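Undergrad: The structure is given below, and queries will be raised subsequently.
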Amino acid sequence: MLGGKRSRYFIFFGIVCIGISLFLANDAIQADEKYGNLSSTLYVGGTGAGNYSKIQHAIDNASNGDTIFVYSGIYYENVVINKSISLIGEDRNTTIIDGNNSGDVVYINANNANISNFTMRNSGNFYSGIKMYYSLFNSIHNCIISNNGKGVHLDSSSYNIISYCNIYSNNYYQGIYAENSDNNTISYCEIYSNPYDDIMLDSADYNQIYNCNLSDSGDGIRILYSYYNEIYDCIISDNDYGILPYFAENNQIYNCNILNNTVYGVYNFYSTDNVFFLNNFIGNAENVYSVNSNNLWNSTQPMDYLYNGSSYTSYLGNYWDDYTGTDTNGDGIGETSYNVNGDNDYYPLVQTQENYLPLPNIVYVDDDFNSGTPGWNYTHFNKIQNGINGVAENGTVYVYNGTYYENVVINKSISLIGEDRNTVIIDGNNTGDVVYVTANNVSIRNFTIRNSGNNWRDSGIKIRSSFNHISGCNILDCYDGIYTHFSYSSNNTISSCNIYLNNIGIELVYFSDYNNISY
C-alpha cells in the first residue's frame with residue numbers, strides 16, 4: 001500500500017511539474033513574440049541544406065528581427081524589403097545584387113532595416129540602386145552602389161544612416177538623392193563620377209553629411225530648398241560646382257576642403273543665412289559666386305583654438321588661396337577682410353584650416369616631454385602653464401611626477417591633477433605666487449606647492465575667485481599657504497591638505513564668505 005501511494009504521488013507530482021513547465025514555456029514564447037526576441041538567421045546561396053536561392057524568397061519567409069545572410073554570388077533580382085530585418089552580404093565585392101537594368105535593385109518601405117556588405121548595380125535607367133520610400137531608421141553600411149540611374153534615393157524617408165559606402169558611376173542622376181527627407185546621416189562615403197550631383201538635398205532638412213569624399217561629378221553637393229543641414233569634414237573636389245546652395249537657408253558648411261572645382265567652389269543662388277567657416281578654398285576656377293545671396297563667412301561664435309603653439313580666442317573664417325592680407329599679431333587671422341562676391345569674410349585664415357586646432361579636453365604635462373613626443377605642444381607639454389593655456393574650458397590638465405619651477409596662473413575653469421602629491425612639485429622659486437587662481441570652478445589636487453616669494457601675501461595658492469576645490473595637496477615654505485583675495489573669494493572648499501612651514505597657513509580676508517575647510 002505504501003509503495004502504491006508513493007507511486008501515485010510521484011505520478012501526480014510529475015504531471016504538475018510538466019504543467020508548470022508548459023505554462024512557463026508558453027509565457028516565454030508569448031513574451032518573445034511580443035518583444036521580438038525570437039529572431040532567426042536565414043541563408044541565401046552557399047551549400048547549406050535549406051538555403052534559399054533567391055534573396056527575395058528569404059525575405060518573404062522572414063519575420064521582423066530576423067537576419068538574412070547572403071553568400072557571395074551574383075543575384076539577378078529586384079529585392080523588396082518590407083520588414084524590419086538585417087540583410088548581410090558575405091563580402092561587398094563578391095556579393096552582388098544585379099537589377100538586370102530594370103526597376104530599383106533594392107526597394108525599402110519598412111522601418112529599422114539594415115543592409116551591409118553588398119554591391120547593388122544595374123537598376124533601370126530612372127531607378128535606383130537602393131530606394132527608401134516613407135521609411136525610417138534604416139542603415140546602409142559598407143556597400144558598393146554603381147551603374148544605376150541613381151545610387152541611393154531617399155523619398156520621404158528620415159532618420160536613416162548611410163555609411164562607409166562607395167557610390168559611383170550612377171549614370172543618369174545623383175549618387176544620393178534625398179527629397180522630403182530629414183534627419184538622415186551620410187558619413188565616411190566615397191561618392192564620385194555621378195553625372196548630376198554626388199549628393200542632392202531637395203526639400204530635405206536637418207541632415208548631416210561628414211567625412212565624405214565627393215568628386216568628379218556635376219556638383220559635389222546641391223542644396224535645393226533645404227534648411228539646417230550640416231556638412232563638415234568633407235573633401236569636395238574636381239567637380240564642376242563644389243557646393244550649390246539654391247534657395248537654401250541656415251545650412252552650415254565647415255572643416256571642408258573645397259578644391260579644384262572647374263567652375264565655382266561655391267555657387268550661391270538666392271540663398272541666405274548659410275554659414276561657412278574653417279574651410280579651405282584652393283585651386284577652384286573661382287572660389288565663390290553669389291546671386292542675390294547674403295551669407296556668413298565666419299563662425300557664429302568666438303572659438304578657442306591653438307595656432308603655432310599658442311592659444312587664442314576669436315571668430316574664425318576660411319582659408320582662401322588668393323588672399324593677400326597679412327597677419328601682424330600672429331594669431332593666424334588676416335588683418336583685412338576677404339571679399340566674397342558681395343559678402344565678406346572678416347576673419348580670413350592665413351594658413352589652411354588644419355593649422356587651427358580646437359583646444360583638447362585633456363592635456364598631459366611631464367618635464368621629460370619634448371619636441372619628439374607625439375602630440376607635442378598640442379596635448380603634451382613640459383610646462384604646467386603651457387598645458388593650462390592649451391586645454392579647453394572645463395578640461396583637465398594631468399601632471400606627471402617631476403619638479404616644475406614656475407608660477408602658474410589658472411584663468412579658466414579646469415581640473416589640475418597631479419600624479420602623486422608627494423612627487424609632483426610646483427616650485428615658485430621664491431618669487432610671487434606659486435599658483436594664482438582667477439577663474440571660478442577650478443579643481444586642484446595631488447600636488448606639493450612650495451617656495452612662494454617672501455613678500456606680504458605671496459602665496460602657495462592665491463584665490464581670487466569662487467567655487468573652487470583644493471584637495472590632497474602639501475603646501476609649504478610660502479608666506480601664505482592659501483590666501484583668499486578680499487571680497488572676491490567665496491564658496492571655496494579646502495580639504496585633505498597638509499599646510500605647514502608657512503608664515504600663515506590659510507588667510508581668509510575680508511568678505512570671503514561660505515568657504516569650507518576640512519580634513
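Here's how to read the names in the C-alpha cells: chain A, B, ... by the order shown, residue numbers from 1 in each chain, ligand numbers from 1 in the order shown.
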Env of Tyr479 of chain A: 8 Å cut, atoms = only C-alpha atoms, seq-sep filter 3 positions within chain, self excluded. Answer as a PyMOL selection string.
TA: chain A and resi 452-460+502-504
Undergrad: Quick check for you: according to DSSP on this backbone, which residues of segment 277-478 of chain A are classed as strand (DSSP E or B)? Reply as a compact mmCIF listing (two decimals) with N, CA and C atoms, in the first residue's frame.
TA:
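What landed in selection-v6.txt:
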```
# COMPACT_ATOMS: atom_id res chain seq x y z
N PHE A 277 32.67 78.30 -42.51
CA PHE A 277 33.85 78.65 -41.73
C PHE A 277 34.80 77.45 -41.66
N ASN A 280 38.83 75.24 -46.52
CA ASN A 280 39.92 75.59 -47.42
C ASN A 280 39.38 75.73 -48.84
N PHE A 281 39.56 76.90 -49.44
CA PHE A 281 39.20 77.12 -50.84
C PHE A 281 40.50 77.20 -51.64
N ILE A 282 40.79 76.14 -52.36
CA ILE A 282 42.08 76.04 -53.05
C ILE A 282 41.87 75.52 -54.47
N VAL A 288 34.03 81.58 -55.10
CA VAL A 288 32.62 81.77 -54.75
C VAL A 288 31.98 82.69 -55.77
N TYR A 289 30.76 82.36 -56.16
CA TYR A 289 29.94 83.28 -56.94
C TYR A 289 28.55 83.27 -56.33
N SER A 290 27.96 84.45 -56.15
CA SER A 290 26.67 84.55 -55.48
C SER A 290 25.70 85.39 -56.29
N VAL A 291 24.46 84.94 -56.33
CA VAL A 291 23.37 85.67 -56.97
C VAL A 291 22.29 85.92 -55.92
N ASN A 294 23.07 86.31 -49.35
CA ASN A 294 23.75 87.00 -48.25
C ASN A 294 24.03 85.97 -47.16
N ASN A 295 25.29 85.60 -47.03
CA ASN A 295 25.66 84.51 -46.11
C ASN A 295 26.78 84.95 -45.18
N LEU A 296 27.05 84.15 -44.16
CA LEU A 296 28.07 84.45 -43.17
C LEU A 296 29.29 83.59 -43.45
N MET A 303 35.84 81.17 -31.07
CA MET A 303 36.29 79.81 -30.84
C MET A 303 37.66 79.82 -30.18
N ASP A 304 37.87 78.90 -29.25
CA ASP A 304 39.20 78.69 -28.68
C ASP A 304 39.99 77.81 -29.65
N TYR A 305 41.21 78.21 -29.95
CA TYR A 305 42.00 77.41 -30.88
C TYR A 305 43.47 77.56 -30.58
N LEU A 306 44.24 76.58 -31.04
CA LEU A 306 45.69 76.58 -30.88
C LEU A 306 46.31 76.81 -32.25
N TYR A 307 47.19 77.81 -32.32
CA TYR A 307 47.82 78.16 -33.60
C TYR A 307 49.30 78.42 -33.33
N SER A 310 50.40 78.45 -29.66
CA SER A 310 49.78 79.38 -28.70
C SER A 310 48.27 79.32 -28.84
N SER A 311 47.57 79.57 -27.74
CA SER A 311 46.11 79.51 -27.77
C SER A 311 45.53 80.91 -27.92
N TYR A 312 44.42 80.97 -28.64
CA TYR A 312 43.73 82.23 -28.91
C TYR A 312 42.23 81.98 -28.86
N THR A 313 41.50 83.07 -28.78
CA THR A 313 40.04 83.01 -28.88
C THR A 313 39.60 84.07 -29.88
N SER A 314 38.88 83.65 -30.91
CA SER A 314 38.43 84.60 -31.93
C SER A 314 37.39 83.92 -32.80
N TYR A 319 40.09 79.71 -45.26
CA TYR A 319 41.35 79.92 -45.97
C TYR A 319 41.05 80.07 -47.46
N TRP A 320 41.58 81.16 -48.04
CA TRP A 320 41.38 81.47 -49.45
C TRP A 320 42.75 81.50 -50.12
N ILE A 333 44.97 85.07 -38.17
CA ILE A 333 43.82 85.70 -38.82
C ILE A 333 44.29 86.97 -39.52
N TYR A 338 38.27 89.54 -46.49
CA TYR A 338 38.32 88.97 -47.84
C TYR A 338 36.94 89.16 -48.46
N ASN A 339 36.89 89.76 -49.63
CA ASN A 339 35.61 89.98 -50.30
C ASN A 339 35.13 88.69 -50.93
N VAL A 340 33.89 88.30 -50.55
CA VAL A 340 33.32 87.05 -51.04
C VAL A 340 32.14 87.39 -51.95
N ASN A 341 32.46 87.97 -53.08
CA ASN A 341 31.45 88.24 -54.10
C ASN A 341 30.22 88.92 -53.51
N ASP A 343 29.67 89.49 -50.16
CA ASP A 343 29.79 89.32 -48.71
C ASP A 343 31.24 89.55 -48.32
N ASN A 344 31.54 89.36 -47.04
CA ASN A 344 32.92 89.48 -46.56
C ASN A 344 33.23 88.39 -45.57
N ASP A 345 34.42 87.85 -45.69
CA ASP A 345 34.99 87.02 -44.63
C ASP A 345 35.85 87.97 -43.80
N LEU A 349 41.63 83.18 -42.73
CA LEU A 349 42.77 82.44 -42.20
C LEU A 349 43.97 82.64 -43.12
N LEU A 357 43.81 74.40 -34.45
CA LEU A 357 43.38 73.20 -33.75
C LEU A 357 42.42 73.55 -32.62
N PRO A 358 41.32 72.83 -32.50
CA PRO A 358 40.46 73.03 -31.33
C PRO A 358 41.21 72.63 -30.06
N ILE A 362 41.61 67.24 -22.65
CA ILE A 362 42.58 66.75 -21.67
C ILE A 362 43.98 66.90 -22.27
N VAL A 363 44.91 67.40 -21.46
CA VAL A 363 46.31 67.50 -21.87
C VAL A 363 47.17 66.91 -20.77
N TYR A 364 48.43 66.61 -21.13
CA TYR A 364 49.35 65.95 -20.22
C TYR A 364 50.64 66.75 -20.13
N VAL A 365 51.17 66.82 -18.92
CA VAL A 365 52.40 67.58 -18.67
C VAL A 365 53.41 66.66 -18.01
N TRP A 376 53.19 66.78 -29.15
CA TRP A 376 53.95 67.86 -28.54
C TRP A 376 53.31 69.22 -28.86
N HIS A 380 50.50 67.43 -25.31
CA HIS A 380 51.60 67.08 -24.43
C HIS A 380 52.55 68.27 -24.29
N PHE A 381 52.85 68.63 -23.03
CA PHE A 381 53.65 69.81 -22.74
C PHE A 381 54.66 69.46 -21.64
N THR A 396 40.87 69.12 -18.49
CA THR A 396 41.72 68.56 -17.44
C THR A 396 43.18 68.65 -17.86
N VAL A 397 44.03 69.12 -16.92
CA VAL A 397 45.48 69.10 -17.10
C VAL A 397 46.03 68.07 -16.11
N TYR A 398 46.59 67.00 -16.65
CA TYR A 398 47.14 65.94 -15.81
C TYR A 398 48.67 66.06 -15.81
N VAL A 399 49.27 66.14 -14.61
CA VAL A 399 50.69 66.42 -14.48
C VAL A 399 51.39 65.20 -13.88
N GLY A 402 57.42 65.04 -11.14
CA GLY A 402 58.52 65.91 -11.51
C GLY A 402 58.46 67.18 -10.70
N THR A 403 59.50 67.98 -10.80
CA THR A 403 59.53 69.30 -10.14
C THR A 403 59.45 70.37 -11.22
N TYR A 404 58.45 71.22 -11.11
CA TYR A 404 58.16 72.24 -12.12
C TYR A 404 58.41 73.60 -11.51
N TYR A 405 59.46 74.28 -11.97
CA TYR A 405 59.81 75.59 -11.45
C TYR A 405 59.07 76.64 -12.27
N VAL A 408 52.27 79.63 -11.76
CA VAL A 408 51.14 79.18 -12.58
C VAL A 408 49.94 80.10 -12.36
N VAL A 409 49.32 80.51 -13.46
CA VAL A 409 48.08 81.28 -13.41
C VAL A 409 46.97 80.43 -14.03
N ILE A 410 45.90 80.23 -13.28
CA ILE A 410 44.76 79.47 -13.77
C ILE A 410 43.62 80.45 -14.03
N SER A 415 40.34 71.32 -14.31
CA SER A 415 40.86 70.47 -13.24
C SER A 415 42.36 70.29 -13.46
N LEU A 416 43.15 70.64 -12.43
CA LEU A 416 44.60 70.47 -12.46
C LEU A 416 44.93 69.34 -11.50
N ILE A 417 45.40 68.21 -12.04
CA ILE A 417 45.53 66.99 -11.25
C ILE A 417 46.98 66.49 -11.33
N GLY A 418 47.59 66.27 -10.18
CA GLY A 418 48.91 65.70 -10.13
C GLY A 418 48.88 64.19 -9.98
N VAL A 424 54.83 65.26 -7.29
CA VAL A 424 54.54 66.28 -8.31
C VAL A 424 54.61 67.63 -7.61
N ILE A 425 55.66 68.39 -7.91
CA ILE A 425 56.01 69.58 -7.14
C ILE A 425 55.98 70.80 -8.05
N ILE A 426 55.22 71.81 -7.61
CA ILE A 426 55.28 73.12 -8.27
C ILE A 426 56.07 74.03 -7.35
N ASP A 427 57.20 74.50 -7.82
CA ASP A 427 58.13 75.30 -7.02
C ASP A 427 58.17 76.71 -7.60
N VAL A 435 50.78 79.43 -7.32
CA VAL A 435 49.57 79.20 -8.13
C VAL A 435 48.60 80.33 -7.85
N TYR A 436 48.13 80.99 -8.90
CA TYR A 436 47.20 82.11 -8.77
C TYR A 436 45.94 81.76 -9.55
N VAL A 437 44.81 81.67 -8.85
CA VAL A 437 43.55 81.22 -9.44
C VAL A 437 42.64 82.43 -9.62
N SER A 443 39.50 73.04 -9.98
CA SER A 443 39.85 71.98 -9.05
C SER A 443 41.36 71.75 -9.11
N ILE A 444 42.02 71.74 -7.94
CA ILE A 444 43.46 71.47 -7.85
C ILE A 444 43.65 70.35 -6.84
N ARG A 445 44.31 69.28 -7.25
CA ARG A 445 44.53 68.20 -6.28
C ARG A 445 45.80 67.43 -6.61
N THR A 448 52.47 68.96 -4.40
CA THR A 448 53.23 69.75 -3.43
C THR A 448 53.47 71.11 -4.04
N ILE A 449 53.11 72.15 -3.29
CA ILE A 449 53.22 73.52 -3.77
C ILE A 449 54.10 74.27 -2.77
N ARG A 450 55.23 74.79 -3.24
CA ARG A 450 56.21 75.31 -2.29
C ARG A 450 56.95 76.52 -2.87
N SER A 459 51.78 83.77 -2.04
CA SER A 459 51.05 82.59 -1.57
C SER A 459 51.42 81.34 -2.33
N GLY A 460 51.25 80.20 -1.62
CA GLY A 460 51.31 78.93 -2.32
C GLY A 460 50.17 78.84 -3.33
N ILE A 461 48.95 79.10 -2.87
CA ILE A 461 47.79 79.24 -3.75
C ILE A 461 47.06 80.50 -3.38
N LYS A 462 46.93 81.41 -4.30
CA LYS A 462 46.13 82.63 -4.10
C LYS A 462 44.86 82.48 -4.92
N ILE A 463 43.72 82.70 -4.26
CA ILE A 463 42.43 82.51 -4.90
C ILE A 463 41.73 83.87 -4.99
N HIS A 469 37.94 74.11 -5.63
CA HIS A 469 38.15 73.00 -4.72
C HIS A 469 39.64 72.65 -4.72
N ILE A 470 40.28 72.79 -3.54
CA ILE A 470 41.69 72.44 -3.36
C ILE A 470 41.73 71.21 -2.45
N SER A 471 42.32 70.12 -2.93
CA SER A 471 42.31 68.92 -2.10
C SER A 471 43.59 68.13 -2.30
N ASN A 474 50.09 69.26 -0.49
CA ASN A 474 51.04 69.73 0.51
C ASN A 474 51.43 71.16 0.12
N ILE A 475 51.30 72.09 1.06
CA ILE A 475 51.61 73.50 0.77
C ILE A 475 52.55 73.99 1.86
N LEU A 476 53.76 74.37 1.47
CA LEU A 476 54.77 74.71 2.47
C LEU A 476 55.76 75.74 1.94
```
Undergrad: Of the residues A:Tyr188, A:Tyr71, A:Tyr76, A:Tyr134, which is the one nearest to Asn117 of chain A, using only C-alpha atoms?
TA: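 Of A:Tyr188, A:Tyr71, A:Tyr76, A:Tyr134, the one nearest Asn117 of chain A is A:Tyr71, counting only C-alpha atoms.
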Undergrad: For a quick check of understanding, using only C-alpha atoms, which of A:Cys473, A:Ile384, A:Leu214, A:Ile221 has the smallest distance to Asn446 of chain A?
TA: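 Distance minimum relative to Asn446 of chain A lands on A:Cys473.
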Undergrad: Compare A:Ile145, A:Ala178, A:Ile88, A:Val263 by their minimum atom-to-atom distance to Ser158 of chain A, counting only C-alpha atoms, and give me the closest one.
TA: A:Ala178
Undergrad: With only C-alpha atoms as the basis for distance, which of A:Cys189, A:Ile161, A:Val434, A:Ala248 is at the shortest distance from Asn207 of chain A?
TA: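 So, comparing all the options, the nearest one is A:Ile161.
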Undergrad: Neighbouring residues of Asp197 of chain A were defined as those with any atom within 8 Å, considering only C-alpha atoms; residues of the same chain fewer than 2 positions away were excluded. Please report them as JSON, numbers by chain.
TA: {"A": [173, 174, 175, 176, 194, 195, 199, 200, 217, 218, 219, 220, 221, 222]}
Undergrad: Kindly give the distance, in Å, that separates atom CA of Asp433 of chain A and atom CA of Ile506 of chain A, rounded to a single decimal.
TA: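 We find that atom CA of Asp433 of chain A and atom CA of Ile506 of chain A lie 14.0 Å from each other.
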Undergrad: Do you know which residues are at most 9 Å from Ser466 of chain A counting only C-alpha atoms, after dropping those on the same chain fewer than 6 positions away, and could you put them as a PyMOL selection string?
TA: chain A and resi 438-442+488-492+515
Undergrad: So that I have them on file, write out the residues from the current selection with C-alpha atoms, as a PDB file, in the first residue's frame.
TA:
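Below you can see part11.pdb, which holds the result:
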```pdb
ATOM      1  CA  THR A 438      41.410  83.859 -11.154  1.00  0.00           C
ATOM      2  CA  ALA A 439      38.708  81.595 -12.663  1.00  0.00           C
ATOM      3  CA  ASN A 440      35.733  80.046 -10.928  1.00  0.00           C
ATOM      4  CA  ASN A 441      35.129  76.295 -10.674  1.00  0.00           C
ATOM      5  CA  VAL A 442      38.771  75.270 -10.613  1.00  0.00           C
ATOM      6  CA  TYR A 488      36.198  88.027  -4.434  1.00  0.00           C
ATOM      7  CA  SER A 489      36.571  84.546  -2.979  1.00  0.00           C
ATOM      8  CA  SER A 490      33.600  82.665  -1.620  1.00  0.00           C
ATOM      9  CA  ASN A 491      32.197  79.167  -1.612  1.00  0.00           C
ATOM     10  CA  ASN A 492      35.593  77.551  -1.970  1.00  0.00           C
ATOM     11  CA  ASN A 515      34.300  78.783   2.438  1.00  0.00           C
TER      12      ASN A 515
END
```
Undergrad: With a distance cut-off of 6 Å and only C-alpha atoms, select the neighbouring residues of segment 93-103 of chain A, excluding the residue or stretch itself and same-chain residues fewer than 6 positions from it, and output the selection as a compact mmCIF listing (two decimals) with C-alpha atoms, in the first residue's frame.
TA:
```txt
# COMPACT_ATOMS: atom_id res chain seq x y z
CA SER A 72 28.99 35.50 -52.33
CA GLY A 73 27.45 35.31 -55.77
CA ILE A 74 25.52 37.34 -58.32
CA TYR A 75 21.79 37.53 -57.62
CA TYR A 76 19.75 38.82 -60.55
CA GLU A 77 16.66 40.17 -58.87
CA ASN A 78 14.80 43.23 -57.66
CA PHE A 118 26.71 44.21 -50.91
CA THR A 119 27.24 45.56 -54.39
CA MET A 120 23.99 46.93 -55.88
CA ARG A 121 24.18 47.52 -59.61
CA ASN A 122 22.22 47.85 -62.84
CA SER A 123 18.90 49.38 -61.88
CA GLY A 124 16.59 50.64 -64.60
CA TYR A 127 15.50 53.89 -60.88
```
Undergrad: Using only C-alpha atoms for the distances, tell me which of A:Asn394, A:Gly265, A:Thr431, A:Ile130 is nearest to Glu406 of chain A.
TA: A:Thr431
Undergrad: Measuring atom to atom with only C-alpha atoms, identify which of A:Asp240, A:Asp327, A:Glu335, A:Glu179 is nearest to Asn260 of chain A.
TA: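 Checking each of A:Asp240, A:Asp327, A:Glu335, A:Glu179 against Asn260 of chain A, counting only C-alpha atoms, the winner is A:Asp240.
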Undergrad: Can you tell me which residues surround Asn261 of chain A at a distance of at most 7 Å, considering only C-alpha atoms, apart from same-chain residues fewer than 6 positions away, and format the answer as an MDAnalysis selection string?
TA: chainID A and resid 237:242 284:285
Undergrad: Take atom CA of Ser139 of chain A and atom CA of Leu244 of chain A and report the distance between them in Å, one decimal.
TA: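 Here the two named atoms are 26.8 Å from each other.
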Undergrad: Between atom CA of Asn109 of chain A and atom CA of Lys131 of chain A, what distance in Å does the model show, to one decimal?
TA: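 Distance between the two atoms: 8.5 Å.
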Undergrad: Just the residues within 9 Å of Ile235 of chain A, please, counting only C-alpha atoms, with nothing from its chain fewer than 2 positions along; format it as a list in words.
TA: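 Here the qualifying residues turn out to be Asn211, Cys212, Asn213, Leu214, Ser215, Tyr232, Asp233, Ser237, Cys256, Asn257, Ile258 and Leu259 of chain A.
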